[in-house]
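Novice: My structure is stored as start14.txt, with compact mmCIF, C-alpha atoms.
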# COMPACT_ATOMS: atom_id res chain seq x y z
CA MET N 1 6.80 32.24 -4.46
CA CYS N 2 6.18 28.57 -4.12
CA ALA N 3 5.64 26.17 -1.27
CA HIS N 4 7.18 22.75 -1.00
CA GLN N 5 6.34 20.08 1.51
CA TRP N 6 8.27 16.88 1.98
CA ARG N 7 7.13 14.04 4.15
CA PHE N 8 9.27 10.95 4.57
CA THR N 9 7.77 7.62 5.54
CA ALA N 10 9.37 4.69 7.30
CA ASP N 11 9.26 2.35 4.32
CA GLY N 12 11.63 4.29 2.13
CA GLY N 13 8.95 6.43 0.58
CA ALA N 14 8.44 10.14 0.47
CA LEU N 15 5.59 12.43 -0.45
CA TYR N 16 6.12 15.71 -2.19
CA GLY N 17 3.59 18.47 -2.33
CA GLY N 18 4.16 21.61 -4.30
CA ASN N 19 2.29 24.15 -6.30
CA HIS N 20 4.16 24.64 -9.49
CA HIS N 21 5.94 22.86 -12.31
CA ARG N 22 8.73 20.66 -11.15
CA ARG N 23 11.61 19.14 -13.06
CA THR N 24 13.56 16.21 -11.71
CA ILE N 25 16.92 15.20 -13.11
CA VAL N 26 18.25 11.69 -12.63
CA CYS N 27 21.12 9.67 -14.03
CA SER N 28 20.24 6.00 -14.31
CA ASP N 29 21.15 2.91 -16.26
CA TYR N 30 17.56 1.84 -16.79
CA TYR N 31 14.12 3.33 -16.64
CA CYS N 32 10.55 2.22 -17.25
CA GLU N 33 7.36 4.22 -17.27
CA PHE N 34 3.64 3.70 -16.96
CA GLN N 35 1.11 6.52 -17.16
CA GLY N 36 3.38 9.16 -15.75
CA ASN N 37 4.98 6.86 -13.19
CA PHE N 38 8.69 6.28 -13.60
CA ASN N 39 11.22 3.84 -12.20
CA PHE N 40 14.91 4.57 -12.51
CA PHE N 41 17.53 2.03 -11.54
CA ASP N 42 21.24 1.48 -11.51
CA PRO N 43 23.22 -1.38 -9.90
CA TYR N 44 23.02 0.29 -6.48
CA GLY N 45 19.27 0.81 -6.33
CA GLY N 46 16.66 3.07 -7.71
CA VAL N 47 14.19 5.84 -7.28
CA SER N 48 10.58 5.75 -8.40
CA PHE N 49 8.08 8.54 -8.95
CA PHE N 50 4.34 7.97 -8.87
CA GLU N 51 1.84 10.56 -9.92
CA HIS N 52 -0.92 8.05 -10.72
CA GLY N 53 -1.92 9.60 -14.00
CA ARG N 54 -3.32 12.73 -12.37
CA GLY N 55 -0.93 15.07 -13.98
CA SER N 56 -0.83 15.96 -17.59
CA ASN N 57 1.89 16.74 -19.99
CA VAL N 58 4.52 14.49 -18.46
CA ARG N 59 7.60 14.93 -20.55
CA LEU N 60 10.58 12.64 -20.65
CA GLN N 61 13.78 13.81 -22.26
CA LEU N 62 16.50 11.27 -22.89
CA ARG N 63 20.10 12.24 -23.30
CA ARG N 64 23.28 10.27 -23.35
CA THR N 65 24.10 10.81 -19.68
CA LEU N 66 21.10 12.65 -18.30
CA THR N 67 17.44 11.78 -18.23
CA THR N 68 14.97 14.49 -17.43
CA VAL N 69 11.31 14.17 -16.53
CA ARG N 70 9.01 17.10 -16.07
CA TRP N 71 5.70 16.76 -14.28
CA SER N 72 3.04 19.37 -13.76
CA TRP N 73 0.40 19.11 -11.14
CA LEU N 74 -2.08 21.24 -9.26
CA ALA N 75 -1.52 22.73 -5.87
CA GLY N 76 -2.37 20.25 -3.17
CA GLU N 77 -1.69 17.17 -5.24
CA VAL N 78 0.58 14.60 -3.65
CA PHE N 79 3.51 13.15 -5.50
CA TRP N 80 4.93 9.83 -4.29
CA ILE N 81 8.61 9.08 -4.38
CA SER N 82 10.09 5.76 -3.41
CA VAL N 83 13.73 4.90 -2.92
CA SER N 84 14.95 1.34 -3.17
CA PRO N 85 16.36 -0.50 -1.45
CA PRO N 86 14.99 1.29 1.61
CA ARG N 87 17.86 0.04 3.74
CA SER N 88 21.21 -1.60 3.21
CA PHE N 89 21.14 -5.35 2.76
CA PRO N 90 21.88 -7.21 6.04
CA TRP N 91 24.81 -9.28 4.80
CA GLU N 92 25.87 -10.47 8.26
CA GLN N 93 22.33 -11.53 9.13
CA SER N 94 22.05 -13.35 5.81
CA ARG N 95 25.16 -15.34 6.67
CA GLN N 96 23.85 -16.20 10.12
CA GLN N 97 20.39 -17.26 8.94
CA ARG N 98 20.99 -20.27 6.73
CA ILE N 99 17.85 -21.75 5.29
CA ILE N 100 17.31 -25.44 4.62
CA TYR N 101 14.83 -25.64 1.79
CA HIS N 102 12.57 -28.62 1.46
CA GLY N 103 10.08 -28.41 -1.35
CA SER N 104 7.07 -30.55 -1.85
CA SER N 105 7.04 -31.27 -5.58
CA ASP N 106 10.84 -31.22 -5.72
CA ASP N 107 10.88 -33.86 -3.00
CA ARG N 108 7.93 -35.89 -4.24
CA TYR N 109 5.55 -34.50 -1.60
CA MET N 110 7.42 -36.21 1.22
CA TYR N 111 8.64 -34.66 4.45
CA PRO N 112 12.34 -34.73 5.24
CA SER N 113 13.60 -37.56 7.40
CA ASP N 114 14.81 -36.98 10.95
CA LEU N 115 18.26 -38.13 9.86
CA SER N 116 18.51 -35.59 7.05
CA LEU N 117 17.40 -32.80 9.38
CA ALA N 118 20.00 -33.83 11.97
CA TRP N 119 22.71 -34.01 9.31
CA ALA N 120 21.81 -30.62 7.87
CA THR N 121 21.82 -29.05 11.32
CA LYS N 122 24.95 -30.62 12.75
CA SER N 123 26.96 -30.09 9.59
CA GLY N 124 26.22 -26.38 9.85
CA LEU N 125 24.32 -26.37 6.60
CA GLY N 126 21.39 -24.49 8.05
CA ASN N 127 19.54 -23.29 11.10
CA ILE N 128 16.13 -22.51 9.61
CA LEU N 129 13.88 -25.14 8.05
CA TYR N 130 11.69 -23.88 5.25
CA LEU N 131 8.94 -26.26 4.15
CA HIS N 132 7.55 -25.30 0.79
CA ASN N 133 4.19 -26.99 1.14
CA GLU N 134 2.27 -26.85 -2.08
CA MET P 1 -0.04 -31.87 -2.65
CA MET P 2 0.92 -31.81 1.01
CA TRP P 3 -2.37 -30.35 2.20
CA ARG P 4 -5.58 -32.27 2.64
CA ASN P 5 -7.29 -29.91 0.21
CA HIS P 6 -4.94 -27.18 -0.92
CA GLN P 7 -7.66 -24.78 -2.06
CA LEU P 8 -10.00 -25.10 0.91
CA ASP P 9 -8.36 -26.79 3.87
CA LEU P 10 -4.77 -26.28 4.94
CA THR P 11 -4.58 -29.35 7.14
CA PRO P 12 -1.51 -31.47 6.43
CA LYS P 13 -2.40 -34.56 4.49
CA ASP P 14 0.19 -36.50 6.45
CA LEU P 15 -0.42 -34.97 9.87
CA ASP P 16 1.85 -37.43 11.68
CA GLY P 17 4.68 -36.67 9.26
CA TYR P 18 4.18 -32.95 9.61
CA LEU P 19 4.22 -33.13 13.43
CA ARG P 20 7.28 -35.36 13.36
CA VAL P 21 9.20 -32.84 11.25
CA MET P 22 8.15 -29.94 13.46
CA HIS P 23 9.09 -31.84 16.62
CA THR P 24 12.47 -32.93 15.24
CA ALA P 25 13.25 -29.49 13.87
CA HIS P 26 12.55 -27.82 17.17
CA GLU P 27 14.55 -30.45 19.07
CA LEU P 28 17.47 -29.64 16.81
CA GLY P 29 17.04 -25.92 17.44
CA LEU P 30 15.81 -25.12 13.96
CA LYS P 31 13.40 -22.30 13.36
CA THR P 32 10.65 -23.36 10.97
CA LEU P 33 8.83 -21.65 8.17
CA VAL P 34 5.88 -23.30 6.44
CA TYR P 35 4.73 -22.06 3.08
CA ALA P 36 1.24 -22.42 1.69
CA SER P 37 0.27 -20.74 -1.52
CA PRO P 38 -2.09 -17.80 -1.03
CA HIS P 39 -2.65 -17.83 -4.76
CA PHE P 40 -4.47 -21.15 -4.78
CA TYR P 41 -6.23 -20.89 -1.40
CA LEU P 42 -9.82 -19.84 -2.07
CA LYS P 43 -11.60 -20.45 1.25
CA ASN P 44 -13.74 -17.48 2.31
CA SER P 45 -12.96 -15.66 -0.91
CA GLU P 46 -15.25 -14.64 -3.76
CA LEU P 47 -13.81 -17.51 -5.78
CA GLU P 48 -14.50 -20.25 -3.22
CA ASP P 49 -17.18 -21.86 -5.40
CA ARG P 50 -14.59 -22.35 -8.15
CA ALA P 51 -12.32 -24.45 -5.96
CA HIS P 52 -11.58 -27.95 -7.14
CA PRO P 53 -11.36 -30.47 -4.31
CA ASP P 54 -8.28 -32.62 -4.36
CA PRO P 55 -9.61 -35.86 -5.86
CA ILE P 56 -7.90 -38.37 -3.62
CA THR P 57 -7.69 -36.84 -0.18
CA SER P 58 -10.72 -34.55 0.13
CA PRO P 59 -13.47 -35.82 2.41
CA ALA P 60 -16.58 -36.89 0.57
Please re-express this file's structure in structure tokens.

Specialist:
Amino acid sequence: MCAHQWRFTADGGALYGGNHHRRTIVCSDYYCEFQGNFNFFDPYGGVSFFEHGRGSNVRLQLRRTLTTVRWSWLAGEVFWISVSPPRSFPWEQSRQQRIIYHGSSDDRYMYPSDLSLAWATKSGLGNILYLHNE
Amino acid sequence: MMWRNHQLDLTPKDLDGYLRVMHTAHELGLKTLVYASPHFYLKNSELEDRAHPDPITSPA
């Protein structure tokens, strides 16, 4: 008998609490690890697991098409899981919000002229002015 | 640098120019975003005493 608790958060994360060994199987194009934490990605996004070095005996098994990680942790420990991207990319919004970039060192630490701002706006180049003030 | 003292004082060095750009941008209906580096800004941090005043524009 085992108990599992899942709690999803609004930022694309999830917490998992359980009381026995757990094996997770993922298929990914890329992975990286650090002290028992793992990131797995493919062109569509990724999933990350964070156990913060509390567990022991984390075992990674690589195969041609399947990667397996096995974590063990004590009852009551919390296991963090993060999915990325947490939401679909807002393509339409990205087309509507067009940013005019004006950088300080790139532009010799000078502010844009009124004429250039008017031209950029009326030509439809952008509707948001971003001043990169270094 | 566009700030009077980029590590301690985020006041535009050219205040008139800054206000002109903001005024023109808003007249044209542009939203504005102003970036200042949090990496180099040391005011009220533990590293404030390591800040180097900008040599030309910082008040004496």

Novice: Looking at all atoms listed in the file, which of N:Lys122, N:Asn133, N:Gly36, N:Val47 is the one that sits closest to Arg70 of chain N?

Specialist: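 So, comparing all the options, the nearest one is N:Gly36.
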
Novice: Which residue is closest to chain N? Choose from P:Val34, P:Lys13, P:Tyr41, P:Met22 and count all atoms listed in the file.

Specialist: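 Of P:Val34, P:Lys13, P:Tyr41, P:Met22, the one nearest chain N, counting all atoms listed in the file, is P:Val34.
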
Novice: For chain N, report every residue with an atom at most 12 Å from chain P (counting all atoms listed in the file), formatted as a VMD selection string.

Specialist: chain N and resid 97 to 134

Novice: How many Å lie between atom CA of Leu42 of chain P and atom CA of Gln7 of chain P, rounded to one decimal?

Specialist: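 Interatomic distance here is 5.4 Å.
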
Novice: What is the distance between atom CA of Gln96 of chain N and atom CA of Tyr44 of chain N, in Å to one decimal?

Specialist: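 Taking atom CA of Gln96 of chain N as the start and atom CA of Tyr44 of chain N as the end point, the length is 23.4 Å.
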
Novice: Between atom CA of Glu33 of chain N and atom CA of Ser72 of chain N, what distance in Å does the model show, to one decimal?

Specialist: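 Atom-to-atom, atom CA of Glu33 of chain N and atom CA of Ser72 of chain N are spaced 16.1 Å apart.
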
Novice: Of the residues N:Asn57, N:Gln93, N:Ser82, N:Ser48, which is the one nearest to Tyr30 of chain N, using only C-alpha atoms?

Specialist: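 Of N:Asn57, N:Gln93, N:Ser82, N:Ser48, the one nearest Tyr30 of chain N is N:Ser48, counting only C-alpha atoms.
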
Novice: Taking all atoms of segment 5-11 of chain P that appear in the file, build a box with edges along x, y and z, extend it by 4 Å on every side, and state its centre and edge lengths in Å to one decimal, as lines of an AutoDock Vina configuration file.

Specialist:
center_x = -7.3
center_y = -27.3
center_z = 2.5
size_x = 13.4
size_y = 13.1
size_z = 17.2

Novice: I need chain P written out with C-alpha atoms, as a CSV table (one decimal), in the first residue's frame; please produce it.

Specialist:
chain,number,residue,atom,x,y,z
P,1,MET,CA,26.5,55.5,-19.5
P,2,MET,CA,23.1,57.0,-19.6
P,3,TRP,CA,22.7,57.3,-15.8
P,4,ARG,CA,24.2,59.9,-13.6
P,5,ASN,CA,25.9,57.2,-11.6
P,6,HIS,CA,25.0,53.8,-12.8
P,7,GLN,CA,25.9,52.0,-9.7
P,8,LEU,CA,24.4,54.3,-7.1
P,9,ASP,CA,22.0,56.8,-8.7
P,10,LEU,CA,19.6,55.9,-11.5
P,11,THR,CA,18.9,59.5,-12.5
P,12,PRO,CA,19.2,60.1,-16.2
P,13,LYS,CA,22.4,61.9,-17.1
P,14,ASP,CA,20.6,63.8,-19.8
P,15,LEU,CA,17.3,64.4,-18.0
P,16,ASP,CA,16.0,66.8,-20.6
P,17,GLY,CA,16.7,64.2,-23.3
P,18,TYR,CA,15.1,61.4,-21.3
P,19,LEU,CA,11.9,63.5,-20.7
P,20,ARG,CA,11.8,64.5,-24.3
P,21,VAL,CA,11.8,60.8,-25.4
P,22,MET,CA,9.2,59.8,-22.9
P,23,HIS,CA,7.0,62.7,-23.9
P,24,THR,CA,7.3,62.1,-27.6
P,25,ALA,CA,6.8,58.3,-27.2
P,26,HIS,CA,3.6,58.8,-25.3
P,27,GLU,CA,2.4,61.4,-27.7
P,28,LEU,CA,2.9,58.8,-30.5
P,29,GLY,CA,1.0,56.2,-28.4
P,30,LEU,CA,4.1,54.1,-27.7
P,31,LYS,CA,4.3,52.1,-24.5
P,32,THR,CA,7.8,52.5,-22.9
P,33,LEU,CA,10.1,50.2,-21.2
P,34,VAL,CA,13.3,51.4,-19.5
P,35,TYR,CA,16.0,49.0,-18.7
P,36,ALA,CA,18.6,49.6,-15.9
P,37,SER,CA,21.0,46.8,-15.0
P,38,PRO,CA,20.3,45.3,-11.6
P,39,HIS,CA,23.6,43.6,-11.9
P,40,PHE,CA,25.6,46.8,-11.6
P,41,TYR,CA,23.3,48.7,-9.2
P,42,LEU,CA,24.8,48.5,-5.7
P,43,LYS,CA,22.9,51.1,-3.8
P,44,ASN,CA,21.6,49.7,-0.4
P,45,SER,CA,23.3,46.4,-1.0
P,46,GLU,CA,26.1,44.8,0.9
P,47,LEU,CA,28.4,45.7,-1.9
P,48,GLU,CA,27.6,49.5,-1.9
P,49,ASP,CA,31.0,50.4,-0.6
P,50,ARG,CA,32.6,48.7,-3.7
P,51,ALA,CA,30.8,50.9,-6.1
P,52,HIS,CA,32.9,53.0,-8.4
P,53,PRO,CA,31.4,56.5,-9.1
P,54,ASP,CA,31.2,57.4,-12.7
P,55,PRO,CA,34.3,59.7,-13.1
P,56,ILE,CA,32.8,62.4,-15.2
P,57,THR,CA,29.2,62.8,-14.1
P,58,SER,CA,29.1,61.9,-10.5
P,59,PRO,CA,28.7,64.8,-8.1
P,60,ALA,CA,31.8,65.6,-6.1
